[in-house]
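Structure file query_37.cif; described as mmCIF, C-alpha atoms and all ligand atoms.
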```cif
data_model
loop_
_atom_site.label_atom_id
_atom_site.label_comp_id
_atom_site.auth_asym_id
_atom_site.auth_seq_id
_atom_site.Cartn_x
_atom_site.Cartn_y
_atom_site.Cartn_z
CA MET A 11 31.89 -19.95 -46.15
CA LEU A 12 30.57 -22.40 -43.58
CA GLU A 13 33.73 -22.24 -41.50
CA THR A 14 33.76 -18.48 -41.25
CA LEU A 15 30.05 -18.52 -40.56
CA LEU A 16 30.47 -20.88 -37.65
CA ILE A 17 33.32 -18.87 -36.22
CA ASN A 18 31.18 -15.77 -36.40
CA ALA A 19 28.33 -17.54 -34.66
CA LEU A 20 30.78 -18.33 -31.90
CA PHE A 21 31.81 -14.67 -31.64
CA LEU A 22 28.20 -13.70 -31.27
CA ILE A 23 27.39 -16.21 -28.55
CA PHE A 24 30.51 -15.35 -26.67
CA PRO A 25 29.20 -12.34 -24.65
CA ILE A 26 25.95 -14.18 -24.01
CA MET A 27 27.82 -17.16 -22.59
CA ILE A 28 29.91 -14.95 -20.35
CA TYR A 29 26.72 -13.32 -19.15
CA LEU A 30 24.99 -16.62 -18.47
CA ILE A 31 27.90 -18.16 -16.63
CA PHE A 32 29.20 -15.27 -14.59
CA ILE A 33 26.73 -12.52 -14.10
CA GLU A 34 23.22 -13.74 -14.61
CA ASP A 35 22.37 -13.76 -10.94
CA HIS A 36 23.56 -10.28 -10.21
CA LYS A 37 21.06 -7.52 -10.17
CA ASN A 38 22.43 -5.24 -12.82
CA GLN A 39 21.40 -6.85 -16.04
CA PHE A 40 23.67 -4.68 -18.08
CA ASN A 41 26.94 -5.07 -16.46
CA HIS A 42 30.12 -3.43 -17.72
CA ILE A 43 31.43 -6.91 -18.36
CA VAL A 44 28.70 -7.53 -20.92
CA VAL A 45 29.62 -4.31 -22.69
CA PHE A 46 33.28 -5.24 -22.59
CA PHE A 47 32.72 -8.66 -24.11
CA SER A 48 30.34 -7.27 -26.69
CA VAL A 49 33.14 -4.96 -27.77
CA ILE A 50 35.42 -7.97 -28.15
CA SER A 51 32.73 -9.85 -30.02
CA MET A 52 32.25 -6.95 -32.41
CA VAL A 53 35.99 -6.55 -33.03
CA LEU A 54 36.33 -10.27 -33.74
CA CYS A 55 33.44 -10.05 -36.20
CA MET A 56 35.27 -7.21 -37.95
CA LEU A 57 38.62 -8.97 -38.06
CA PHE A 58 37.30 -12.35 -39.19
CA PRO A 59 34.33 -11.61 -41.41
CA VAL A 60 32.18 -14.20 -43.13
CA LYS A 61 33.56 -14.88 -46.62
CA LEU A 62 30.82 -15.33 -49.17
CA GLU A 63 31.39 -17.63 -52.12
CA VAL A 64 31.36 -14.87 -54.65
CA GLY A 65 34.47 -13.50 -53.00
CA TYR A 66 32.65 -10.84 -51.14
CA ILE A 67 32.66 -10.52 -47.35
CA VAL A 68 29.90 -9.70 -44.91
CA ASP A 69 30.76 -8.83 -41.42
CA LEU A 70 28.38 -9.01 -38.54
CA ARG A 71 29.77 -6.11 -36.54
CA TYR A 72 26.40 -4.42 -36.42
CA ILE A 73 24.77 -7.33 -34.63
CA PRO A 74 26.42 -6.82 -31.22
CA PHE A 75 26.16 -3.11 -31.91
CA ALA A 76 22.44 -3.22 -32.57
CA VAL A 77 21.74 -5.62 -29.71
CA LEU A 78 23.44 -3.37 -27.18
CA ALA A 79 21.88 -0.26 -28.68
CA LEU A 80 18.40 -1.76 -28.43
CA TYR A 81 18.63 -3.40 -25.02
CA GLY A 82 20.94 -0.90 -23.36
CA GLY A 83 20.52 2.49 -25.03
CA TYR A 84 23.13 5.17 -25.69
CA LYS A 85 25.25 4.69 -22.61
CA LYS A 86 25.94 1.02 -23.20
CA VAL A 87 26.56 1.21 -26.91
CA PHE A 88 28.87 4.23 -26.78
CA PRO A 89 32.07 2.19 -26.19
CA LEU A 90 31.15 0.01 -29.17
CA TYR A 91 30.71 3.04 -31.37
CA ILE A 92 34.17 4.35 -30.44
CA VAL A 93 35.90 0.98 -30.80
CA LEU A 94 34.18 0.26 -34.10
CA ASN A 95 35.57 3.41 -35.63
CA VAL A 96 39.03 3.04 -34.13
CA VAL A 97 39.34 -0.52 -35.41
CA ARG A 98 37.91 0.45 -38.78
CA PHE A 99 40.48 3.22 -38.98
CA PHE A 100 43.33 0.77 -38.40
CA ILE A 101 41.96 -1.73 -40.87
CA GLY A 102 42.15 1.14 -43.32
CA GLY A 103 41.42 0.81 -47.03
CA ASP A 104 38.51 2.44 -48.81
CA GLY A 105 35.42 3.63 -47.08
CA VAL A 106 36.75 4.64 -43.66
CA ILE A 107 34.89 7.92 -43.82
CA GLU A 108 31.69 6.30 -45.11
CA SER A 109 31.85 3.74 -42.35
CA PHE A 110 32.34 6.49 -39.80
CA LEU A 111 29.37 8.44 -41.09
CA TYR A 112 27.17 5.39 -41.31
CA SER A 113 28.01 4.16 -37.82
CA THR A 114 27.36 7.65 -36.48
CA VAL A 115 23.90 7.70 -38.00
CA PHE A 116 23.28 4.19 -36.68
CA PHE A 117 24.56 5.21 -33.25
CA LEU A 118 22.28 8.24 -33.18
CA ILE A 119 19.11 6.54 -34.38
CA VAL A 120 18.94 2.98 -33.07
CA PRO A 121 19.37 3.65 -29.31
CA LEU A 122 16.52 6.11 -29.68
CA LEU A 123 14.26 3.09 -30.07
CA SER A 124 15.63 1.43 -26.95
CA LYS A 125 12.90 2.54 -24.55
CA LYS A 126 10.14 1.44 -26.85
CA PHE A 127 11.96 -1.79 -27.61
CA ASN A 128 12.27 -2.73 -23.95
CA ARG A 129 8.56 -2.17 -23.46
CA MET A 130 7.59 -4.56 -26.27
CA GLY A 131 6.72 -8.20 -25.76
CA PRO A 132 9.44 -10.80 -26.39
CA LYS A 133 8.11 -11.82 -29.82
CA GLN A 134 7.86 -8.25 -31.01
CA ARG A 135 11.40 -7.66 -29.80
CA VAL A 136 12.68 -10.58 -31.85
CA VAL A 137 10.90 -9.28 -34.94
CA ALA A 138 11.99 -5.69 -34.38
CA ALA A 139 15.66 -6.53 -33.84
CA THR A 140 15.78 -8.82 -36.86
CA SER A 141 14.09 -6.20 -39.04
CA ILE A 142 16.60 -3.60 -37.97
CA ALA A 143 19.45 -5.93 -38.82
CA VAL A 144 17.96 -6.69 -42.24
CA LEU A 145 17.27 -3.03 -42.91
CA ASN A 146 20.85 -2.31 -42.02
CA VAL A 147 22.20 -4.79 -44.60
CA CYS A 148 19.79 -3.48 -47.20
CA ILE A 149 21.12 0.05 -46.74
CA TYR A 150 24.61 -1.30 -47.01
CA LEU A 151 23.73 -3.31 -50.12
CA SER A 152 22.19 -0.31 -51.80
CA GLN A 153 25.58 1.37 -51.48
CA VAL A 154 27.46 -1.44 -53.17
CA PHE A 155 24.77 -1.94 -55.77
CA TYR A 156 26.33 0.38 -58.33
CA LEU A 157 29.62 -1.53 -58.13
CA TYR A 158 27.79 -4.56 -59.51
CA LYS A 159 25.66 -2.83 -62.09
CA GLY A 160 27.10 -4.97 -64.87
CA LYS A 161 26.93 -8.22 -62.91
CA LEU A 162 23.42 -8.30 -61.64
CA HIS A 163 23.24 -12.03 -60.95
CA ILE A 164 26.35 -11.84 -58.73
CA PHE A 165 24.83 -8.98 -56.86
CA ARG A 166 21.68 -10.98 -56.41
CA TRP A 167 23.53 -13.82 -54.72
CA LEU A 168 25.53 -11.41 -52.65
CA ALA A 169 22.36 -9.73 -51.48
CA ILE A 170 20.58 -12.96 -50.64
CA ASP A 171 23.58 -14.35 -48.80
CA SER A 172 24.26 -11.31 -46.73
CA ILE A 173 20.65 -10.77 -45.80
CA LEU A 174 20.26 -14.40 -44.82
CA THR A 175 23.46 -14.42 -42.78
CA THR A 176 22.64 -11.26 -40.92
CA ALA A 177 19.03 -12.14 -40.28
CA THR A 178 19.95 -15.58 -38.98
CA GLY A 179 22.71 -14.14 -36.83
CA MET A 180 20.46 -11.55 -35.30
CA LEU A 181 17.57 -13.94 -34.82
CA PHE A 182 19.86 -16.36 -33.07
CA VAL A 183 21.28 -13.75 -30.69
CA VAL A 184 17.98 -12.11 -29.82
CA LEU A 185 16.26 -15.44 -29.28
CA LEU A 186 18.99 -16.39 -26.84
CA CYS A 187 18.74 -13.04 -25.04
CA GLU A 188 14.98 -13.36 -24.75
CA LYS A 189 15.16 -16.91 -23.49
CA ILE A 190 17.63 -15.88 -20.81
CA ARG A 191 15.43 -12.98 -19.87
CA SER A 192 12.34 -15.12 -19.48
CA ASN A 193 14.27 -17.75 -17.52
CA ILE A 194 15.46 -15.14 -15.07
CA GLU A 195 11.95 -13.82 -14.69
CA SER A 196 10.30 -17.16 -14.15
CA ARG A 197 12.93 -18.12 -11.63
CA LYS A 198 12.25 -14.92 -9.71
CA MET A 199 8.53 -15.64 -9.81
CA TYR A 200 9.11 -19.14 -8.61
CA VAL A 201 11.24 -18.10 -5.66
CA HIS A 202 8.70 -15.48 -4.78
CA SER A 203 5.70 -17.80 -4.87
CA GLU A 204 7.67 -20.35 -2.87
CA LYS A 205 8.18 -17.72 -0.17
CA LEU A 206 4.50 -16.86 -0.17
CA GLU A 207 3.59 -20.51 0.15
CA VAL A 208 5.78 -21.03 3.21
CA LEU A 209 4.60 -17.83 4.79
CA SER A 210 0.96 -18.58 4.28
CA GLU A 211 1.27 -22.00 5.88
CA LEU A 212 3.19 -20.69 8.86
CA SER A 213 0.97 -17.72 9.37
CA ALA A 214 -2.19 -19.76 9.26
CA SER A 215 -1.02 -21.96 12.08
CA ILE A 216 0.58 -19.35 14.28
CA ALA A 217 -1.53 -16.26 13.80
CA HIS A 218 -4.68 -17.95 15.00
CA GLU A 219 -3.00 -19.28 18.10
CA ILE A 220 -1.62 -15.90 19.02
CA ARG A 221 -4.78 -13.99 18.46
CA ASN A 222 -6.70 -15.62 21.30
CA PRO A 223 -4.24 -14.85 24.09
CA LEU A 224 -3.96 -11.31 22.72
CA THR A 225 -7.69 -10.81 22.92
CA VAL A 226 -7.87 -12.24 26.44
CA THR A 227 -5.01 -10.05 27.67
CA ASN A 228 -6.61 -7.07 26.05
CA GLY A 229 -9.88 -7.75 27.88
CA PHE A 230 -8.26 -8.08 31.28
CA LEU A 231 -6.22 -4.94 30.82
CA GLN A 232 -9.39 -3.05 29.93
CA LEU A 233 -10.97 -4.31 33.13
CA LEU A 234 -7.93 -3.35 35.14
CA LYS A 235 -7.99 0.12 33.66
CA GLY A 236 -11.44 0.64 35.14
CA SER A 237 -10.15 -0.04 38.64
CA LYS A 238 -10.41 2.96 40.99
CA SER A 239 -7.35 2.19 43.06
CA LEU A 240 -4.89 2.87 40.23
CA SER A 241 -2.70 5.95 40.16
CA PRO A 242 -2.63 8.02 36.93
CA GLU A 243 0.88 6.77 36.31
CA GLU A 244 -0.22 3.17 36.50
CA LYS A 245 -3.09 3.92 34.15
CA ALA A 246 -0.62 5.34 31.65
CA TYR A 247 1.32 2.06 31.80
CA ILE A 248 -1.84 0.18 31.01
CA ASP A 249 -2.49 2.50 28.07
CA TYR A 250 0.98 1.77 26.71
CA SER A 251 0.33 -1.94 27.06
CA LEU A 252 -2.96 -1.62 25.27
CA ASP A 253 -1.33 0.31 22.44
CA GLU A 254 1.32 -2.32 22.00
CA LEU A 255 -1.27 -5.07 22.10
CA GLN A 256 -3.14 -3.23 19.40
CA ARG A 257 -0.02 -3.19 17.30
CA ALA A 258 0.58 -6.88 17.83
CA GLU A 259 -2.97 -7.55 16.85
CA SER A 260 -2.67 -5.59 13.64
CA ILE A 261 0.43 -7.54 12.69
CA VAL A 262 -1.41 -10.77 13.34
CA SER A 263 -4.32 -9.62 11.19
CA ASP A 264 -1.91 -8.74 8.42
CA PHE A 265 -0.63 -12.28 8.66
CA LEU A 266 -4.06 -13.81 8.62
CA ALA A 267 -4.77 -12.00 5.43
CA TYR A 268 -2.56 -14.36 3.53
CA SER A 269 -3.38 -17.51 5.24
CA LYS A 270 -6.71 -18.88 4.09
CA PRO A 271 -8.84 -16.07 2.75
CA GLN A 272 -11.30 -15.29 5.51
CA SER A 273 -14.32 -14.18 3.66
CA ILE A 274 -14.37 -14.59 -0.04
CA HIS A 275 -16.59 -12.14 -1.77
CA MET A 276 -16.36 -12.75 -5.49
CA VAL A 277 -17.80 -10.08 -7.73
CA THR A 278 -17.62 -9.10 -11.37
CA GLY A 279 -16.84 -5.51 -12.07
CA ASP A 280 -14.63 -2.83 -13.51
CA PHE A 281 -12.99 -1.84 -10.16
CA LYS A 282 -14.66 1.58 -10.15
CA GLU A 283 -16.56 0.93 -6.97
CA ASP A 284 -13.44 -0.26 -5.16
CA ILE A 285 -11.32 2.65 -6.30
CA GLU A 286 -13.98 5.01 -4.92
CA TYR A 287 -14.36 3.04 -1.72
CA VAL A 288 -10.66 2.94 -0.95
CA GLY A 289 -10.25 6.58 -1.96
CA ASN A 290 -12.94 7.57 0.55
CA ILE A 291 -11.50 5.46 3.31
CA MET A 292 -8.03 6.87 2.83
CA LYS A 293 -9.11 10.51 2.54
CA PRO A 294 -8.73 11.41 6.22
CA TYR A 295 -5.32 9.74 6.34
CA ALA A 296 -4.26 11.60 3.21
CA ASN A 297 -5.53 14.91 4.59
CA THR A 298 -3.51 14.64 7.77
CA HIS A 299 -0.39 14.24 5.63
CA ARG A 300 -1.31 17.04 3.22
CA VAL A 301 -1.74 14.58 0.39
CA LYS A 302 -4.30 15.10 -2.37
CA ILE A 303 -5.78 12.04 -4.01
CA GLN A 304 -6.47 12.47 -7.74
CA THR A 305 -8.36 9.74 -9.52
CA ARG A 306 -8.87 9.15 -13.22
CA PHE A 307 -10.96 6.24 -14.35
CA SER A 308 -11.47 5.15 -17.93
CA ASN A 309 -11.70 1.37 -17.76
CA THR A 310 -14.65 -0.46 -19.29
CA LEU A 311 -13.39 -4.03 -18.97
CA GLN A 312 -14.92 -6.42 -16.44
CA LYS A 313 -13.09 -8.87 -14.23
CA ASP A 314 -14.05 -11.55 -11.68
CA TYR A 315 -12.26 -10.90 -8.45
CA ASP A 316 -12.42 -11.12 -4.69
CA GLN A 317 -13.55 -7.70 -3.60
CA ASN A 318 -12.12 -7.83 -0.08
CA GLN A 319 -8.70 -8.82 -1.34
CA LEU A 320 -8.59 -6.21 -4.06
CA ARG A 321 -9.59 -3.49 -1.62
CA GLN A 322 -6.94 -4.64 0.83
CA CYS A 323 -4.39 -4.55 -1.95
CA LEU A 324 -5.33 -1.03 -3.03
CA LEU A 325 -5.43 0.10 0.57
CA ASN A 326 -1.86 -1.05 1.13
CA LEU A 327 -0.63 0.71 -1.98
CA TYR A 328 -2.44 3.96 -1.15
CA LYS A 329 -1.12 3.80 2.37
CA ASN A 330 2.47 3.34 1.22
CA GLY A 331 2.12 6.15 -1.28
CA ILE A 332 0.80 8.52 1.35
CA GLU A 333 3.45 7.45 3.83
CA ALA A 334 6.12 8.15 1.23
CA MET A 335 4.90 11.77 1.09
CA LYS A 336 4.61 12.14 4.85
CA GLU A 337 7.22 14.86 5.16
CA THR A 338 6.41 16.89 2.10
CA GLY A 339 2.79 16.35 1.20
CA GLY A 340 1.99 15.85 -2.46
CA ILE A 341 -0.30 14.16 -4.90
CA LEU A 342 -1.35 10.55 -5.00
CA SER A 343 -2.54 9.96 -8.53
CA ILE A 344 -4.65 6.97 -9.34
CA ASP A 345 -5.18 6.07 -12.95
CA VAL A 346 -7.27 3.13 -14.08
CA PHE A 347 -7.44 2.34 -17.76
CA GLU A 348 -7.57 -0.56 -20.20
CA ARG A 349 -5.07 -1.76 -22.72
CA LYS A 350 -5.53 -4.80 -24.92
CA LYS A 351 -7.60 -7.01 -22.61
CA GLN A 352 -5.72 -5.82 -19.56
CA ILE A 353 -6.86 -3.55 -16.79
CA ILE A 354 -4.10 -1.26 -15.65
CA ILE A 355 -4.23 0.32 -12.22
CA GLN A 356 -1.56 2.91 -11.80
CA ILE A 357 -0.78 4.40 -8.41
CA GLY A 358 1.78 7.17 -8.39
CA ASP A 359 3.16 9.28 -5.59
CA THR A 360 5.58 12.17 -5.47
CA GLY A 361 7.27 10.95 -2.33
CA ILE A 362 10.67 9.71 -1.24
CA GLY A 363 11.12 7.09 -3.96
CA MET A 364 13.33 4.02 -3.86
CA THR A 365 16.69 2.89 -5.18
CA GLU A 366 17.06 -0.14 -7.47
CA GLU A 367 18.05 -2.29 -4.50
CA GLU A 368 15.04 -1.20 -2.52
CA ILE A 369 12.74 -2.03 -5.42
CA GLU A 370 14.28 -5.50 -5.61
CA GLN A 371 13.34 -6.12 -2.00
CA LEU A 372 9.74 -5.05 -2.30
CA GLY A 373 7.44 -7.88 -1.39
CA ASP A 374 9.98 -9.70 0.74
CA PRO A 375 8.36 -10.56 4.06
CA TYR A 376 9.32 -8.07 6.80
CA TYR A 377 11.16 -5.78 4.45
CA SER A 378 10.40 -2.34 5.79
CA THR A 379 12.28 0.92 6.10
CA LYS A 380 9.73 2.42 8.47
CA LYS A 381 10.00 2.63 12.21
CA GLU A 382 6.53 1.26 12.73
CA GLY A 383 6.43 -0.82 9.55
CA THR A 384 5.58 -4.49 9.38
CA GLY A 385 6.87 -5.13 5.88
CA LEU A 386 3.79 -7.19 5.13
CA GLY A 387 1.83 -4.71 3.05
CA MET A 388 3.69 -5.20 -0.20
CA LEU A 389 3.89 -8.93 0.33
CA MET A 390 0.14 -8.97 0.42
CA VAL A 391 -0.08 -6.76 -2.65
CA TYR A 392 2.13 -9.14 -4.57
CA SER A 393 0.27 -12.22 -3.47
CA ILE A 394 -3.13 -10.74 -4.32
CA VAL A 395 -2.04 -9.54 -7.74
CA HIS A 396 -0.42 -12.91 -8.28
CA SER A 397 -3.70 -14.65 -7.53
CA LEU A 398 -5.37 -12.42 -10.13
CA LYS A 399 -2.70 -13.66 -12.58
CA GLY A 400 -1.48 -10.11 -12.86
CA LYS A 401 1.87 -8.40 -12.89
CA ILE A 402 3.34 -5.46 -11.02
CA ASP A 403 5.64 -2.91 -12.58
CA VAL A 404 7.48 -0.56 -10.30
CA LYS A 405 9.10 2.65 -11.46
CA SER A 406 10.81 4.75 -8.87
CA LYS A 407 13.36 7.49 -8.52
CA LYS A 408 14.96 8.33 -5.20
CA GLY A 409 13.62 11.68 -4.06
CA LYS A 410 11.18 11.96 -6.96
CA GLY A 411 8.45 9.42 -6.39
CA THR A 412 7.16 6.00 -7.19
CA THR A 413 4.63 4.55 -9.59
CA PHE A 414 3.14 1.13 -9.12
CA ARG A 415 1.44 -0.33 -12.15
CA LEU A 416 -0.79 -3.34 -11.63
CA ILE A 417 -1.40 -5.11 -14.91
CA ILE A 418 -4.37 -7.41 -14.58
CA PRO A 419 -5.46 -9.62 -17.47
CA VAL A 420 -9.17 -10.00 -18.06
P1 LIG B 501 5.53 -1.15 5.55
O1 LIG B 501 4.65 -0.14 4.88
O2 LIG B 501 4.93 -1.72 6.77
O3 LIG B 501 6.93 -0.66 5.76
P2 LIG B 501 5.26 -2.51 3.05
O4 LIG B 501 5.42 -3.96 2.66
O5 LIG B 501 3.96 -1.87 2.80
O6 LIG B 501 5.66 -2.41 4.58
O7 LIG B 501 6.39 -1.71 2.30
C1 LIG B 501 7.73 -2.16 2.40
C2 LIG B 501 8.70 -1.04 2.14
O8 LIG B 501 8.67 -0.71 0.76
C3 LIG B 501 8.42 0.25 2.88
O9 LIG B 501 8.97 0.23 4.18
C4 LIG B 501 9.11 1.27 1.98
O10 LIG B 501 10.48 1.34 2.26
C5 LIG B 501 8.96 0.68 0.60
N1 LIG B 501 7.86 1.31 -0.14
C6 LIG B 501 6.67 0.77 -0.44
N2 LIG B 501 5.90 1.61 -1.15
C7 LIG B 501 6.63 2.74 -1.32
C8 LIG B 501 6.41 4.00 -1.98
N3 LIG B 501 5.25 4.29 -2.59
N4 LIG B 501 7.42 4.91 -1.96
C9 LIG B 501 8.59 4.65 -1.36
N5 LIG B 501 8.85 3.48 -0.71
C10 LIG B 501 7.90 2.54 -0.68
MG MG B 502 2.81 -0.45 4.00
#
```
For this file, produce the structure as structure tokens.
Ligand code: ADP
Ligand code: MG
Amino acid sequence: MLETLLINALFLIFPIMIYLIFIEDHKNQFNHIVVFFSVISMVLCMLFPVKLEVGYIVDLRYIPFAVLALYGGYKKVFPLYIVLNVVRFFIGGDGVIESFLYSTVFFLIVPLLSKKFNRMGPKQRVVAATSIAVLNVCIYLSQVFYLYKGKLHIFRWLAIDSILTTATGMLFVVLLCEKIRSNIESRKMYVHSEKLEVLSELSASIAHEIRNPLTVTNGFLQLLKGSKSLSPEEKAYIDYSLDELQRAESIVSDFLAYSKPQSIHMVTGDFKEDIEYVGNIMKPYANTHRVKIQTRFSNTLQKDYDQNQLRQCLLNLYKNGIEAMKETGGILSIDVFERKKQIIIQIGDTGIGMTEEEIEQLGDPYYSTKKEGTGLGMLMVYSIVHSLKGKIDVKSKKGKGTTFRLIIPV
């Protein structure tokens, strides 16, 4: 039994290893290659099942099947469903039809849970996946139960062995998957905070130095503009220069925002005041772009935070949302609510949306798709939420709209 068990463990790790070694760093977490190797893993599990001592066999085919169904949903698990039945057909013997029916039910039900599953925390996911695996064996066992009616003690061992094997197998696989997931995430976080660190040091030293000459130039140009001997054309040139200076100055201020915080104003509150404040400030801007701001507020939790920073962060998000609806107009919906010791601020627009690649680049310094953009707004949003120990979830569909969800622990 031990030998076959070990071989099966190897089959199960196989797709995970391939993933770790070859595709971990690529953006698409659920590559076709993972699906392909999961198919192989499942077929191997079917061809070389674990032989229990009582002469019965358990095979772990439903482990790769369930893992892909839960993490990937219908699309990813479909090839496994097909291959499972084709291979089962060629293995032949009794129960081909039953197996087909059972796998069909499994295929229809389990991926249904995928969305919910992916929203759970890592621990819950481990428990959920293991329970599904155990439930699956139990259903299977209940089918073979009547075969063993006369030999209850054999059945008992069979049941214990197969449940243990499956549960351990599943636990093992899901724990590995979760560990990989969290490693990828913490590495991303690390790279991101490293970037912020560098930027904040650089900006602190440079932005200050640049601001003074900008202000001086601005002053002299203003003086020059007052001169009577200038032709209208020359005055227009000065206006252009002043506009551009203004722009340079706003970029520098954006930069300064991350360097040392300029004025810290710590308060304790539920964010209501800030949501109202920013909503009022942005109203004229929204009106000119035919955007309606809709706010819903139901949070009662309190948090210590720097008011200036939070307002800046909201301002940037509102601004981006409105800018995304520039052409069409639309609704900017703000929703603030609480969930298990977390304050959730949700900012949704019905604008141009983003592709997966664009979402990946959010928060990179200077990443902007706008003609006049600085690409610093989102960077600031990320750094502020980071300093509140929070998280940002982005959901977006090209052409449909974007929802930013700030999850801030209390
Ligand atoms: P900027 O607004 O100056 O371009 P940001 O850092 O604020 O810089 O945003 C970076 C980029 O992220 C934008 O240029 C845009 O492409 C994208 N983006 C941000 N928010 C949204 C949104 N709500 N809808 C669509 N795209 C967005
Ligand atoms: Mg912006």
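Residue nearest Thr278 in chain A within the list A:Lys133, A:Thr14, A:Asp314, A:Val120: A:Asp314 [criterion: smallest interatomic distance, only C-alpha atoms].
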Calculate how many Å separate CA of Arg71 in chain A from CA of Met56 in chain A, rounding to one decimal.
5.8 Å
If you count all atoms listed in the file, which residues fall within 12 Å of Glu259 in chain A, apart from same-chain ones fewer than 6 positions away, as number ranges by chain?
A: 217-228, 252-253, 265-266, 384
Rows by chain and residue number, chain A within 9 Å of ligand MG 502 (chain B), shortest pair, only C-alpha atoms and all ligand atoms, as a tab-separated table:
```
residue	atom	partner	partner_atom	distance
A:Leu325	CA	B:MG502	MG	8.9
A:Asn326	CA	B:MG502	MG	5.5
A:Leu327	CA	B:MG502	MG	7.0
A:Tyr328	CA	B:MG502	MG	8.6
A:Lys329	CA	B:MG502	MG	6.0
A:Asn330	CA	B:MG502	MG	4.7
A:Gly331	CA	B:MG502	MG	8.5
A:Glu333	CA	B:MG502	MG	7.9
A:Ser378	CA	B:MG502	MG	8.0
A:Lys380	CA	B:MG502	MG	8.7
A:Gly383	CA	B:MG502	MG	6.6
A:Thr384	CA	B:MG502	MG	7.3
A:Gly385	CA	B:MG502	MG	6.5
A:Leu386	CA	B:MG502	MG	6.9
A:Gly387	CA	B:MG502	MG	4.5
A:Met388	CA	B:MG502	MG	6.4
```
Within 10 Å of (-3.5, -1.5, 26.3), only C-alpha atoms: residues as a short mmCIF file (atom, residue, chain, number, x, y, z; two decimals) with C-alpha atoms, keeping the file's coordinate frame?
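Result saved to out.cif:
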```cif
data_model
loop_
_atom_site.label_atom_id
_atom_site.label_comp_id
_atom_site.auth_asym_id
_atom_site.auth_seq_id
_atom_site.Cartn_x
_atom_site.Cartn_y
_atom_site.Cartn_z
CA THR A 227 -5.01 -10.05 27.67
CA ASN A 228 -6.61 -7.07 26.05
CA GLY A 229 -9.88 -7.75 27.88
CA PHE A 230 -8.26 -8.08 31.28
CA LEU A 231 -6.22 -4.94 30.82
CA GLN A 232 -9.39 -3.05 29.93
CA LYS A 235 -7.99 0.12 33.66
CA LYS A 245 -3.09 3.92 34.15
CA ALA A 246 -0.62 5.34 31.65
CA TYR A 247 1.32 2.06 31.80
CA ILE A 248 -1.84 0.18 31.01
CA ASP A 249 -2.49 2.50 28.07
CA TYR A 250 0.98 1.77 26.71
CA SER A 251 0.33 -1.94 27.06
CA LEU A 252 -2.96 -1.62 25.27
CA ASP A 253 -1.33 0.31 22.44
CA GLU A 254 1.32 -2.32 22.00
CA LEU A 255 -1.27 -5.07 22.10
CA GLN A 256 -3.14 -3.23 19.40
CA ARG A 257 -0.02 -3.19 17.30
#
```
Counting all atoms listed in the file, what are the residues, protein, DNA or RNA alike, that approach ligand LIG 501 (chain B) to within 10 Å? I want them as a ChimeraX atom specification.
/A:261,264,323,325-335,342,357-365,368-392,404-414
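With all atoms listed in the file as the atoms that count, the minimum distance from Ala214 in chain A to the choices A:Ile291, A:Val262, A:Met52, A:Ile17 is reached by A:Val262.
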Could you list, as a compact mmCIF listing (two decimals) with C-alpha atoms, in the frame of the given file, every residue within 12 Å of Ser152 in chain A, counting all atoms listed in the file and ignoring same-chain residues fewer than 6 positions away?
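Okay, this is what ended up in out29.txt:
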```txt
# COMPACT_ATOMS: atom_id res chain seq x y z
CA LEU A 145 17.27 -3.03 -42.91
CA ASN A 146 20.85 -2.31 -42.02
CA TYR A 158 27.79 -4.56 -59.51
CA LYS A 159 25.66 -2.83 -62.09
CA PHE A 165 24.83 -8.98 -56.86
CA ARG A 166 21.68 -10.98 -56.41
CA LEU A 168 25.53 -11.41 -52.65
CA ALA A 169 22.36 -9.73 -51.48
```
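The space between CA of Leu320 in chain A and CA of Gln356 in chain A spans 13.9 Å.
CA of Arg321 in chain A lies 22.6 Å from CA of Gly340 in chain A.
With only C-alpha atoms as the atoms that count, the residue of A:Ser203, A:Ser109, A:Gln153, A:Asn95 with the shortest distance to Ser397 in chain A is A:Ser203.
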Leaving out Thr310 in chain A and any residue of its chain fewer than 2 positions from it, which residues lie within 9 Å of it when counting only C-alpha atoms, given as a PDB file with C-alpha atoms, in the frame of the given file?
```
ATOM      1  CA  ASP A 280     -14.630  -2.830 -13.510  1.00  0.00           C
ATOM      2  CA  SER A 308     -11.470   5.150 -17.930  1.00  0.00           C
ATOM      3  CA  GLN A 312     -14.920  -6.420 -16.440  1.00  0.00           C
ATOM      4  CA  PHE A 347      -7.440   2.340 -17.760  1.00  0.00           C
ATOM      5  CA  GLU A 348      -7.570  -0.560 -20.200  1.00  0.00           C
ATOM      6  CA  ILE A 353      -6.860  -3.550 -16.790  1.00  0.00           C
TER       7      ILE A 353
END
```
Give me, as CSV, the closest atom pair and its distance (Å, one decimal) for every residue of range 81-185 of chain A within a cut-off of 12 Å of range 22-25 of chain A, counting only C-alpha atoms, rows sorted by chain and rising number.
```
residue,atom,partner,partner_atom,distance
A:Thr176,CA,A:Leu22,CA,11.4
A:Thr178,CA,A:Leu22,CA,11.4
A:Gly179,CA,A:Leu22,CA,7.8
A:Met180,CA,A:Leu22,CA,9.0
A:Leu181,CA,A:Leu22,CA,11.2
A:Phe182,CA,A:Ile23,CA,8.8
A:Val183,CA,A:Ile23,CA,6.9
A:Val184,CA,A:Ile23,CA,10.3
A:Leu185,CA,A:Ile23,CA,11.2
```
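Candidate residues A:Leu78, A:Leu174, A:Ile341, A:Val288 were compared for distance to Lys302 in chain A, and the nearest is A:Ile341, using all atoms listed in the file.
Distance cut-off 12 Å, centre (36.5, -3.6, -26.2), atoms counted only C-alpha atoms; the residues meeting this are A:Pro25, A:His42, A:Ile43, A:Val44, A:Val45, A:Phe46, A:Phe47, A:Ser48, A:Val49, A:Ile50, A:Ser51, A:Met52, A:Val53, A:Leu54, A:Pro74, A:Phe75, A:Lys86, A:Val87, A:Phe88, A:Pro89, A:Leu90, A:Tyr91, A:Ile92, A:Val93, A:Leu94, A:Asn95, A:Val96, A:Val97.
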